[in-house]
$ cat target_13.cif   # mmCIF, C-alpha atoms
data_run
loop_
_atom_site.label_atom_id
_atom_site.label_comp_id
_atom_site.auth_asym_id
_atom_site.auth_seq_id
_atom_site.Cartn_x
_atom_site.Cartn_y
_atom_site.Cartn_z
CA MET K 21 -99.85 50.73 52.61
CA VAL K 22 -96.79 52.60 53.86
CA ALA K 23 -95.85 49.59 56.00
CA THR K 24 -96.34 47.33 52.98
CA LEU K 25 -94.08 49.42 50.79
CA GLY K 26 -91.58 49.54 53.63
CA THR K 27 -91.43 45.77 53.88
CA ARG K 28 -90.88 45.30 50.16
CA ALA K 29 -88.10 47.89 50.10
CA ARG K 30 -86.48 46.32 53.16
CA ILE K 31 -86.47 42.89 51.52
CA LEU K 32 -84.84 44.42 48.43
CA ASP K 33 -82.22 46.24 50.50
CA VAL K 34 -81.29 43.07 52.34
CA ALA K 35 -81.30 40.93 49.16
CA SER K 36 -79.15 43.49 47.37
CA ARG K 37 -76.61 43.68 50.21
CA LEU K 38 -76.41 39.91 50.72
CA MET K 39 -76.02 39.18 47.00
CA MET K 40 -73.35 41.86 46.75
CA ARG K 41 -71.36 40.35 49.60
CA GLN K 42 -71.92 36.62 49.12
CA GLY K 43 -73.21 36.29 45.54
CA TYR K 44 -76.44 35.08 44.02
CA GLU K 45 -75.84 31.36 44.52
CA GLY K 46 -74.63 31.81 48.06
CA THR K 47 -77.73 33.73 49.16
CA ALA K 48 -80.80 31.76 50.23
CA ILE K 49 -84.28 33.29 50.34
CA LYS K 50 -84.49 32.08 53.93
CA GLN K 51 -81.50 34.19 54.97
CA ILE K 52 -83.02 37.21 53.21
CA ALA K 53 -86.27 36.70 55.17
CA THR K 54 -84.39 36.31 58.45
CA GLU K 55 -82.24 39.41 58.00
CA ALA K 56 -85.17 41.50 56.74
CA GLN K 57 -87.13 40.25 59.77
CA VAL K 58 -90.09 39.05 57.75
CA ALA K 59 -91.75 35.66 57.34
CA LEU K 60 -90.60 33.55 54.40
CA SER K 61 -94.18 33.65 53.09
CA SER K 62 -93.95 37.43 53.05
CA VAL K 63 -90.94 37.30 50.71
CA TYR K 64 -92.91 35.04 48.35
CA HIS K 65 -95.92 37.34 48.64
CA PHE K 66 -93.91 40.30 47.36
CA PHE K 67 -91.75 38.24 45.00
CA PRO K 68 -93.81 35.39 43.61
CA GLY K 69 -90.97 34.68 41.15
CA GLY K 70 -88.85 33.39 44.05
CA LYS K 71 -85.13 34.02 44.24
CA GLN K 72 -84.78 34.70 40.53
CA GLY K 73 -87.51 37.33 40.50
CA LEU K 74 -86.24 38.82 43.73
CA ALA K 75 -82.67 39.04 42.38
CA THR K 76 -83.97 40.75 39.23
CA GLU K 77 -85.78 43.34 41.34
CA ALA K 78 -82.74 43.71 43.60
CA VAL K 79 -80.63 44.53 40.53
CA ARG K 80 -83.21 47.16 39.45
CA HIS K 81 -83.29 48.56 42.98
CA ALA K 82 -79.48 48.84 43.08
CA ASP K 83 -79.50 50.26 39.54
CA GLU K 84 -81.75 53.14 40.60
CA HIS K 85 -79.74 53.78 43.71
CA PHE K 86 -76.44 53.96 41.83
CA ALA K 87 -77.97 55.98 38.97
CA GLN K 88 -78.99 58.62 41.53
CA MET K 89 -75.47 58.75 43.00
CA LEU K 90 -74.03 58.97 39.48
CA GLN K 91 -76.41 61.73 38.43
CA ASP K 92 -75.69 63.82 41.54
CA ALA K 93 -71.91 63.43 41.19
CA LEU K 94 -71.98 64.31 37.48
CA ALA K 95 -74.16 67.35 38.16
CA SER K 96 -71.74 68.62 40.82
CA LYS K 97 -69.31 70.00 38.19
CA ASP K 98 -69.98 71.74 34.89
CA ASP K 99 -66.90 70.34 33.20
CA PRO K 100 -67.35 66.64 32.30
CA ALA K 101 -63.73 65.69 33.08
CA GLU K 102 -63.98 67.34 36.49
CA ALA K 103 -67.36 65.69 37.00
CA VAL K 104 -65.86 62.23 36.39
CA VAL K 105 -63.11 62.98 38.94
CA ALA K 106 -65.85 63.97 41.41
CA LEU K 107 -67.73 60.76 40.62
CA ALA K 108 -64.65 58.60 41.28
CA TRP K 109 -64.23 60.42 44.57
CA VAL K 110 -67.86 59.91 45.64
CA VAL K 111 -67.60 56.18 44.88
CA ALA K 112 -64.31 55.94 46.80
CA GLU K 113 -65.97 57.57 49.83
CA TYR K 114 -68.85 55.11 49.60
CA LEU K 115 -66.41 52.18 49.51
CA ARG K 116 -64.45 53.50 52.45
CA ASP K 117 -67.60 54.18 54.48
CA SER K 118 -68.42 50.46 54.25
CA ASP K 119 -64.86 49.59 55.35
CA TRP K 120 -64.27 48.48 51.70
CA GLN K 121 -66.85 45.70 51.99
CA ASP K 122 -69.50 47.19 49.70
CA GLY K 123 -68.67 47.75 46.05
CA CYS K 124 -70.81 47.61 42.94
CA PRO K 125 -74.08 46.04 44.15
CA ILE K 126 -74.75 44.10 40.96
CA THR K 127 -71.37 42.71 39.87
CA ALA K 128 -71.43 39.47 41.87
CA THR K 129 -74.99 38.66 40.77
CA ALA K 130 -74.10 39.58 37.18
CA LEU K 131 -71.08 37.28 37.11
CA GLU K 132 -72.95 34.34 38.54
CA THR K 133 -75.97 34.53 36.27
CA VAL K 134 -74.42 35.59 32.96
CA GLY K 135 -75.40 33.18 30.19
CA ARG K 136 -77.58 31.27 32.63
CA ILE K 137 -80.49 33.42 33.79
CA PRO K 138 -81.59 35.77 30.99
CA GLU K 139 -84.05 37.71 33.18
CA ILE K 140 -81.30 38.81 35.58
CA GLN K 141 -78.74 39.32 32.82
CA GLN K 142 -81.16 41.66 31.07
CA ALA K 143 -81.71 43.72 34.25
CA VAL K 144 -77.91 44.03 34.56
CA GLU K 145 -77.63 45.13 30.95
CA VAL K 146 -80.35 47.74 31.45
CA ALA K 147 -78.47 49.04 34.52
CA PHE K 148 -75.16 49.33 32.66
CA GLU K 149 -76.92 51.04 29.75
CA ARG K 150 -78.58 53.53 32.06
CA TRP K 151 -75.29 54.39 33.80
CA ARG K 152 -73.52 54.77 30.47
CA GLY K 153 -76.44 56.88 29.27
CA LEU K 154 -76.00 59.35 32.13
CA VAL K 155 -72.28 59.73 31.40
CA ALA K 156 -72.91 60.05 27.65
CA ASP K 157 -75.56 62.76 28.31
CA LYS K 158 -73.10 64.77 30.35
CA LEU K 159 -70.51 64.56 27.54
CA ARG K 160 -73.05 65.34 24.83
CA ARG K 161 -74.24 68.42 26.69
CA SER K 162 -70.62 69.57 26.86
CA GLY K 163 -70.33 69.39 23.09
CA PHE K 164 -68.83 65.93 22.56
CA ALA K 165 -69.70 64.15 19.32
CA GLU K 166 -72.28 61.39 19.68
CA ALA K 167 -69.92 58.48 18.93
CA ASP K 168 -67.19 59.81 21.23
CA ALA K 169 -69.68 60.41 24.05
CA GLN K 170 -71.01 56.86 23.79
CA GLU K 171 -67.60 55.24 23.65
CA LEU K 172 -66.21 57.32 26.48
CA ALA K 173 -69.25 56.42 28.58
CA HIS K 174 -68.34 52.74 28.18
CA THR K 175 -64.82 53.32 29.42
CA VAL K 176 -65.85 55.62 32.28
CA ILE K 177 -68.21 53.00 33.71
CA ASN K 178 -65.92 50.03 33.01
CA THR K 179 -62.83 51.68 34.47
CA LEU K 180 -64.70 52.69 37.62
CA GLU K 181 -66.09 49.13 37.94
CA GLY K 182 -62.60 47.64 37.78
CA ALA K 183 -61.08 50.28 40.05
CA GLU K 184 -63.78 49.66 42.64
CA LEU K 185 -62.83 46.00 42.93
CA SER K 186 -59.17 46.91 43.10
CA ALA K 187 -59.84 49.51 45.82
CA GLN K 188 -61.83 47.00 47.83
CA VAL K 189 -59.07 44.40 47.62
CA SER K 190 -56.25 46.83 48.47
CA ARG K 191 -58.41 48.75 50.98
CA THR K 192 -57.16 52.08 49.63
CA PRO K 193 -58.82 54.86 47.60
CA GLU K 194 -55.75 55.01 45.31
CA PRO K 195 -57.16 52.93 42.41
CA MET K 196 -60.26 55.17 42.33
CA GLU K 197 -58.15 58.32 42.49
CA ILE K 198 -55.95 57.11 39.61
CA ALA K 199 -59.04 56.06 37.62
CA GLY K 200 -60.61 59.51 38.01
CA ARG K 201 -57.41 61.23 36.92
CA HIS K 202 -56.88 58.97 33.89
CA LEU K 203 -60.50 59.22 32.79
CA ALA K 204 -60.30 63.02 32.97
CA ARG K 205 -57.13 62.92 30.87
CA LEU K 206 -58.80 60.64 28.33
CA ILE K 207 -61.89 62.89 28.13
CA ASN K 208 -59.72 65.98 27.74
CA SER K 209 -57.77 64.34 24.91
CA TYR K 210 -60.95 64.60 22.79
CA ARG K 211 -61.03 68.40 22.75
CA MET Z 2 -46.46 11.09 40.85
CA VAL Z 3 -47.64 12.34 37.48
CA ALA Z 4 -51.13 11.08 38.25
CA THR Z 5 -50.98 12.76 41.64
CA LEU Z 6 -50.05 16.11 40.15
CA GLY Z 7 -52.75 15.61 37.54
CA THR Z 8 -55.43 15.14 40.18
CA ARG Z 9 -54.43 18.23 42.13
CA ALA Z 10 -54.38 20.36 38.99
CA ARG Z 11 -57.77 18.96 37.93
CA ILE Z 12 -59.30 19.84 41.29
CA LEU Z 13 -57.91 23.38 40.96
CA ASP Z 14 -59.23 23.74 37.41
CA VAL Z 15 -62.70 22.65 38.46
CA ALA Z 16 -62.69 24.80 41.63
CA SER Z 17 -61.53 27.82 39.66
CA ARG Z 18 -64.21 27.38 36.99
CA LEU Z 19 -67.03 26.74 39.46
CA MET Z 20 -66.10 29.69 41.67
CA MET Z 21 -65.86 31.92 38.61
CA ARG Z 22 -69.34 30.92 37.46
CA GLN Z 23 -71.21 30.53 40.73
CA GLY Z 24 -69.08 32.33 43.30
CA TYR Z 25 -67.22 31.21 46.40
CA GLU Z 26 -70.24 30.85 48.66
CA GLY Z 27 -72.26 29.05 46.02
CA THR Z 28 -69.61 26.40 45.42
CA ALA Z 29 -69.49 23.38 47.73
CA ILE Z 30 -66.40 21.17 48.08
CA LYS Z 31 -68.68 18.21 47.31
CA GLN Z 32 -69.57 19.63 43.89
CA ILE Z 33 -65.89 20.26 43.16
CA ALA Z 34 -65.10 16.61 44.02
CA THR Z 35 -67.98 15.35 41.85
CA GLU Z 36 -67.04 17.44 38.82
CA ALA Z 37 -63.33 16.66 39.18
CA GLN Z 38 -64.29 12.97 39.49
CA VAL Z 39 -62.39 12.41 42.69
CA ALA Z 40 -63.41 11.27 46.16
CA LEU Z 41 -64.20 14.00 48.68
CA SER Z 42 -61.37 12.64 50.85
CA SER Z 43 -59.01 13.22 47.95
CA VAL Z 44 -59.89 16.92 47.87
CA TYR Z 45 -59.12 17.18 51.59
CA HIS Z 46 -55.91 15.22 51.06
CA PHE Z 47 -54.62 17.80 48.59
CA PHE Z 48 -56.23 20.76 50.34
CA PRO Z 49 -56.24 20.17 54.09
CA GLY Z 50 -57.34 23.79 54.57
CA GLY Z 51 -60.76 22.87 53.15
CA LYS Z 52 -62.71 25.25 50.94
CA GLN Z 53 -60.81 28.32 52.10
CA GLY Z 54 -57.41 26.82 51.35
CA LEU Z 55 -58.66 25.40 48.08
CA ALA Z 56 -60.07 28.77 47.00
CA THR Z 57 -56.77 30.45 47.86
CA GLU Z 58 -54.89 27.94 45.70
CA ALA Z 59 -57.51 28.31 42.95
CA VAL Z 60 -56.90 32.06 42.91
CA ARG Z 61 -53.12 31.44 42.63
CA HIS Z 62 -53.73 28.90 39.87
CA ALA Z 63 -55.89 31.38 37.92
CA ASP Z 64 -53.40 34.15 38.63
CA GLU Z 65 -50.58 32.19 36.94
CA HIS Z 66 -52.78 31.26 34.03
CA PHE Z 67 -53.84 34.85 33.36
CA ALA Z 68 -50.31 36.17 33.95
CA GLN Z 69 -49.08 33.89 31.17
CA MET Z 70 -51.80 35.11 28.78
CA LEU Z 71 -50.98 38.70 29.72
CA GLN Z 72 -47.25 38.22 29.22
CA ASP Z 73 -47.69 36.58 25.81
CA ALA Z 74 -50.08 39.28 24.60
CA LEU Z 75 -47.84 42.11 25.80
CA ALA Z 76 -44.81 40.49 24.16
CA SER Z 77 -46.64 40.23 20.84
CA LYS Z 78 -46.04 43.93 20.01
CA ASP Z 79 -43.04 46.14 20.67
CA ASP Z 80 -45.09 49.27 21.18
CA PRO Z 81 -46.84 49.26 24.59
CA ALA Z 82 -50.01 50.95 23.30
CA GLU Z 83 -50.31 48.40 20.50
CA ALA Z 84 -49.54 45.63 22.98
CA VAL Z 85 -52.45 46.71 25.18
CA VAL Z 86 -54.77 46.69 22.16
CA ALA Z 87 -53.54 43.16 21.41
CA LEU Z 88 -54.16 42.16 25.02
CA ALA Z 89 -57.74 43.47 24.94
CA TRP Z 90 -58.27 41.48 21.77
CA VAL Z 91 -56.86 38.25 23.24
CA VAL Z 92 -59.12 38.59 26.29
CA ALA Z 93 -62.14 39.29 24.06
CA GLU Z 94 -61.40 36.10 22.08
CA TYR Z 95 -61.15 34.13 25.30
CA LEU Z 96 -64.52 35.49 26.46
CA ARG Z 97 -66.17 34.72 23.13
CA ASP Z 98 -64.69 31.20 23.03
CA SER Z 99 -66.55 30.45 26.27
CA ASP Z 100 -69.77 31.87 24.81
CA TRP Z 101 -69.24 34.85 27.18
CA GLN Z 102 -69.62 32.66 30.27
CA ASP Z 103 -66.02 32.80 31.47
CA GLY Z 104 -64.53 36.12 32.47
CA CYS Z 105 -61.94 37.02 35.07
CA PRO Z 106 -61.52 33.82 37.09
CA ILE Z 107 -60.96 35.57 40.42
CA THR Z 108 -63.46 38.44 40.50
CA ALA Z 109 -66.43 36.56 41.96
CA THR Z 110 -64.30 34.97 44.68
CA ALA Z 111 -62.64 38.33 45.38
CA LEU Z 112 -65.97 40.13 45.78
CA GLU Z 113 -67.40 37.51 48.12
CA THR Z 114 -64.43 37.25 50.43
CA VAL Z 115 -63.21 40.86 50.59
CA GLY Z 116 -62.97 42.04 54.20
CA ARG Z 117 -63.97 38.58 55.38
CA ILE Z 118 -61.28 36.03 54.49
CA PRO Z 119 -57.82 37.66 54.60
CA GLU Z 120 -56.03 34.59 53.16
CA ILE Z 121 -58.04 34.72 49.92
CA GLN Z 122 -58.05 38.51 49.77
CA GLN Z 123 -54.26 38.48 49.97
CA ALA Z 124 -53.99 35.97 47.11
CA VAL Z 125 -56.24 38.25 45.02
CA GLU Z 126 -54.08 41.25 45.87
CA VAL Z 127 -50.92 39.36 44.88
CA ALA Z 128 -52.58 38.44 41.56
CA PHE Z 129 -53.60 42.04 40.80
CA GLU Z 130 -50.11 43.23 41.74
CA ARG Z 131 -48.48 40.68 39.47
CA TRP Z 132 -50.69 41.63 36.52
CA ARG Z 133 -50.04 45.32 37.07
CA GLY Z 134 -46.34 44.54 37.41
CA LEU Z 135 -46.27 42.94 33.95
CA VAL Z 136 -47.96 45.96 32.38
CA ALA Z 137 -45.70 48.38 34.27
CA ASP Z 138 -42.61 46.44 33.09
CA LYS Z 139 -43.69 46.75 29.50
CA LEU Z 140 -44.16 50.51 29.89
CA ARG Z 141 -40.90 50.97 31.77
CA ARG Z 142 -38.97 49.12 29.09
CA SER Z 143 -40.51 51.49 26.54
CA GLY Z 144 -39.13 54.48 28.42
CA PHE Z 145 -42.09 55.49 30.58
CA ALA Z 146 -41.28 57.16 33.90
CA GLU Z 147 -41.68 54.90 36.93
CA ALA Z 148 -44.69 56.70 38.44
CA ASP Z 149 -46.50 56.92 35.09
CA ALA Z 150 -45.85 53.23 34.36
CA GLN Z 151 -47.24 52.18 37.73
CA GLU Z 152 -50.33 54.35 37.50
CA LEU Z 153 -51.06 53.37 33.93
CA ALA Z 154 -50.74 49.70 34.91
CA HIS Z 155 -53.53 50.22 37.46
CA THR Z 156 -55.85 51.66 34.84
CA VAL Z 157 -54.98 49.09 32.17
CA ILE Z 158 -55.88 46.18 34.46
CA ASN Z 159 -58.92 47.90 36.01
CA THR Z 160 -60.37 49.01 32.68
CA LEU Z 161 -59.97 45.54 31.20
CA GLU Z 162 -61.60 44.03 34.32
CA GLY Z 163 -64.65 46.26 33.96
CA ALA Z 164 -64.84 45.85 30.20
CA GLU Z 165 -64.76 42.06 30.57
CA LEU Z 166 -67.85 42.10 32.74
CA SER Z 167 -69.58 44.47 30.35
CA ALA Z 168 -68.67 42.27 27.36
CA GLN Z 169 -69.99 39.19 29.13
CA VAL Z 170 -73.29 40.88 29.95
CA SER Z 171 -73.79 42.36 26.46
CA ARG Z 172 -72.31 39.28 24.76
CA THR Z 173 -70.30 41.45 22.37
CA PRO Z 174 -66.56 42.17 22.03
CA GLU Z 175 -67.33 45.91 21.70
CA PRO Z 176 -66.54 46.93 25.31
CA MET Z 177 -63.14 45.20 25.04
CA GLU Z 178 -62.44 46.78 21.69
CA ILE Z 179 -63.30 50.26 23.04
CA ALA Z 180 -61.21 49.61 26.17
CA GLY Z 181 -58.17 48.65 24.10
CA ARG Z 182 -58.51 51.74 21.93
CA HIS Z 183 -58.97 54.12 24.88
CA LEU Z 184 -56.11 52.60 26.85
CA ALA Z 185 -53.81 52.99 23.83
CA ARG Z 186 -54.88 56.62 23.55
CA LEU Z 187 -54.24 57.19 27.24
CA ILE Z 188 -50.79 55.56 27.03
CA ASN Z 189 -49.90 57.59 23.94
CA SER Z 190 -50.93 60.81 25.68
CA TYR Z 191 -47.88 60.34 27.96
CA ARG Z 192 -45.33 60.71 25.16
#

$ encode --input "target_13.cif" --output "structure tokens"
Amino acid sequence: MVATLGTRARILDVASRLMMRQGYEGTAIKQIATEAQVALSSVYHFFPGGKQGLATEAVRHADEHFAQMLQDALASKDDPAEAVVALAWVVAEYLRDSDWQDGCPITATALETVGRIPEIQQAVEVAFERWRGLVADKLRRSGFAEADAQELAHTVINTLEGAELSAQVSRTPEPMEIAGRHLARLINSYR
Amino acid sequence: MVATLGTRARILDVASRLMMRQGYEGTAIKQIATEAQVALSSVYHFFPGGKQGLATEAVRHADEHFAQMLQDALASKDDPAEAVVALAWVVAEYLRDSDWQDGCPITATALETVGRIPEIQQAVEVAFERWRGLVADKLRRSGFAEADAQELAHTVINTLEGAELSAQVSRTPEPMEIAGRHLARLINSYR
């Protein structure tokens, strides 16, 4: 049973990484099987929905992984503005550790399936909502009004998404550092 | 000569759209030729560098197109904060006009080639720099200090990038509308 769970998780890790780096369309199930070192039939055993089902699960897998990182970073500081600066820093470290190759694990898949594959698009939407929810919670607990917390959560996640891509392309942490600073300033302008 | 230029531009339009919707890896030169209604040999005639050279030119093509949209939107209002709100609105309209299928034309290609294909990555970097340069110019002309103008330009472009993806996934203009409002607030906090 442990081995079985291990195989499924390994397939998801590989699928998530490949789709992040080469997109949904550019990733074949066969390559996922090869890199996860499992038989093709094993991939279909765990993911009877084929590539589409596997991509949906890979988005959920990446969603949970990023949600954990987000939660930990936000919990590291009491003040929400300082917590967002810490979050930007944690993400920048993660980007740099991958030599700027790994960014948001769901963006490429999201872009390539939007308006085309509702199942995947919905998993992406759930992920974005969860991430925004964590940021909004932090702001709410610090006394921000409901509407402000929700709107700020949108901009925190969206700005970090854009800054990640920019950091990857320029291979510097600067866009993330600027994003953290500006988001803190924006948050502080509400109190 | 006119026909020749027309063919090249058509190939670039098709390549740009396909790579935006299905990524760099997922787009074959053959499909580009088919959809542009030209012979495969014609694609290689105009783009002897093959897919890599074509993608680089497609990024430059999209860069110029977006730079024009950006410039027009920024010029539509004297006040830089109002201009950024107008820009967010123009982008939201563009997204909605495509039924939320078309977003930033270079993001998917950027994500899939970062750290792997320097020629394309450099064209993406040049595009981001140009877009930031247009925003920074607008701020500078409105009396913003050089360092503030440059940093704000980063966040304007990055926030809009992230909000675009979010708007596409949720199929609503709300993320763009919030982004415009927050960016205006951030800009106004500097004066």

$ closest_residue --input "target_13.cif" --among "Z:Ala185, Z:Ala124, Z:Ile179, Z:Ile30" --to "chain K" --atoms "all atoms listed in the file"
Z:Ile179

$ resolve_selection --input "target_13.cif" --expression "the PyMOL selection byres ((chain Z) within 6 of (chain K))" --output "compact mmCIF listing (two decimals) with C-alpha atoms, in the coordinates of the input"
# COMPACT_ATOMS: atom_id res chain seq x y z
CA ARG Z 22 -69.34 30.92 37.46
CA GLN Z 23 -71.21 30.53 40.73
CA GLU Z 26 -70.24 30.85 48.66
CA GLY Z 27 -72.26 29.05 46.02
CA GLN Z 102 -69.62 32.66 30.27
CA ALA Z 109 -66.43 36.56 41.96
CA GLU Z 113 -67.40 37.51 48.12
CA GLY Z 116 -62.97 42.04 54.20
CA ASN Z 159 -58.92 47.90 36.01
CA THR Z 160 -60.37 49.01 32.68
CA GLU Z 162 -61.60 44.03 34.32
CA GLY Z 163 -64.65 46.26 33.96
CA ALA Z 164 -64.84 45.85 30.20
CA LEU Z 187 -54.24 57.19 27.24

$ residues_near_point --input "target_13.cif" --point "(-60.0, 55.5, 50.6)" --cutoff "7 Å" --atoms "only C-alpha atoms" --output "PyMOL selection string"
chain K and resi 112-113+116+191-194

$ write_last_selection --input "target_13.cif" --atoms "C-alpha atoms" --output "PDB file, keeping the file's coordinate frame"
ATOM      1  CA  ALA K 112     -64.310  55.940  46.800  1.00  0.00           C
ATOM      2  CA  GLU K 113     -65.970  57.570  49.830  1.00  0.00           C
ATOM      3  CA  ARG K 116     -64.450  53.500  52.450  1.00  0.00           C
ATOM      4  CA  ARG K 191     -58.410  48.750  50.980  1.00  0.00           C
ATOM      5  CA  THR K 192     -57.160  52.080  49.630  1.00  0.00           C
ATOM      6  CA  PRO K 193     -58.820  54.860  47.600  1.00  0.00           C
ATOM      7  CA  GLU K 194     -55.750  55.010  45.310  1.00  0.00           C
TER       8      GLU K 194
END

$ residues_around --input "target_13.cif" --residues "range 60-63 of chain K" --least-positions-apart "2" --cutoff "10 Å" --atoms "only C-alpha atoms" --output "PyMOL selection string"
chain K and resi 27-28+31-32+49-54+56-58+65-71+74

$ residues_around --input "target_13.cif" --residues "range 102-107 of chain K" --least-positions-apart "3" --cutoff "6 Å" --atoms "all atoms listed in the file" --output "VMD selection string"
chain K and resid 93 to 94 97 99 110 200

$ resolve_selection --input "target_13.cif" --expression "the PyMOL selection byres ((chain K and resi 154) around 9)" --output "mmCIF file with C-alpha atoms, in the coordinates of the input"
data_model
loop_
_atom_site.group_PDB
_atom_site.id
_atom_site.type_symbol
_atom_site.label_atom_id
_atom_site.label_comp_id
_atom_site.auth_asym_id
_atom_site.auth_seq_id
_atom_site.Cartn_x
_atom_site.Cartn_y
_atom_site.Cartn_z
ATOM 1 C CA ALA K 87 -77.970 55.980 38.970
ATOM 2 C CA LEU K 90 -74.030 58.970 39.480
ATOM 3 C CA GLN K 91 -76.410 61.730 38.430
ATOM 4 C CA LEU K 94 -71.980 64.310 37.480
ATOM 5 C CA GLU K 149 -76.920 51.040 29.750
ATOM 6 C CA ARG K 150 -78.580 53.530 32.060
ATOM 7 C CA TRP K 151 -75.290 54.390 33.800
ATOM 8 C CA ARG K 152 -73.520 54.770 30.470
ATOM 9 C CA GLY K 153 -76.440 56.880 29.270
ATOM 10 C CA VAL K 155 -72.280 59.730 31.400
ATOM 11 C CA ALA K 156 -72.910 60.050 27.650
ATOM 12 C CA ASP K 157 -75.560 62.760 28.310
ATOM 13 C CA LYS K 158 -73.100 64.770 30.350
ATOM 14 C CA LEU K 159 -70.510 64.560 27.540
ATOM 15 C CA ALA K 173 -69.250 56.420 28.580
#

$ closest_residue --input "target_13.cif" --among "K:Met89, K:Ala169, K:Ile140, K:Ala78" --to "Trp109 in chain K" --atoms "all atoms listed in the file"
K:Met89

$ atom_distance --input "target_13.cif" --atom1 "CA of Ile126 in chain K" --atom2 "CA of Ala108 in chain K"
17.7 Å
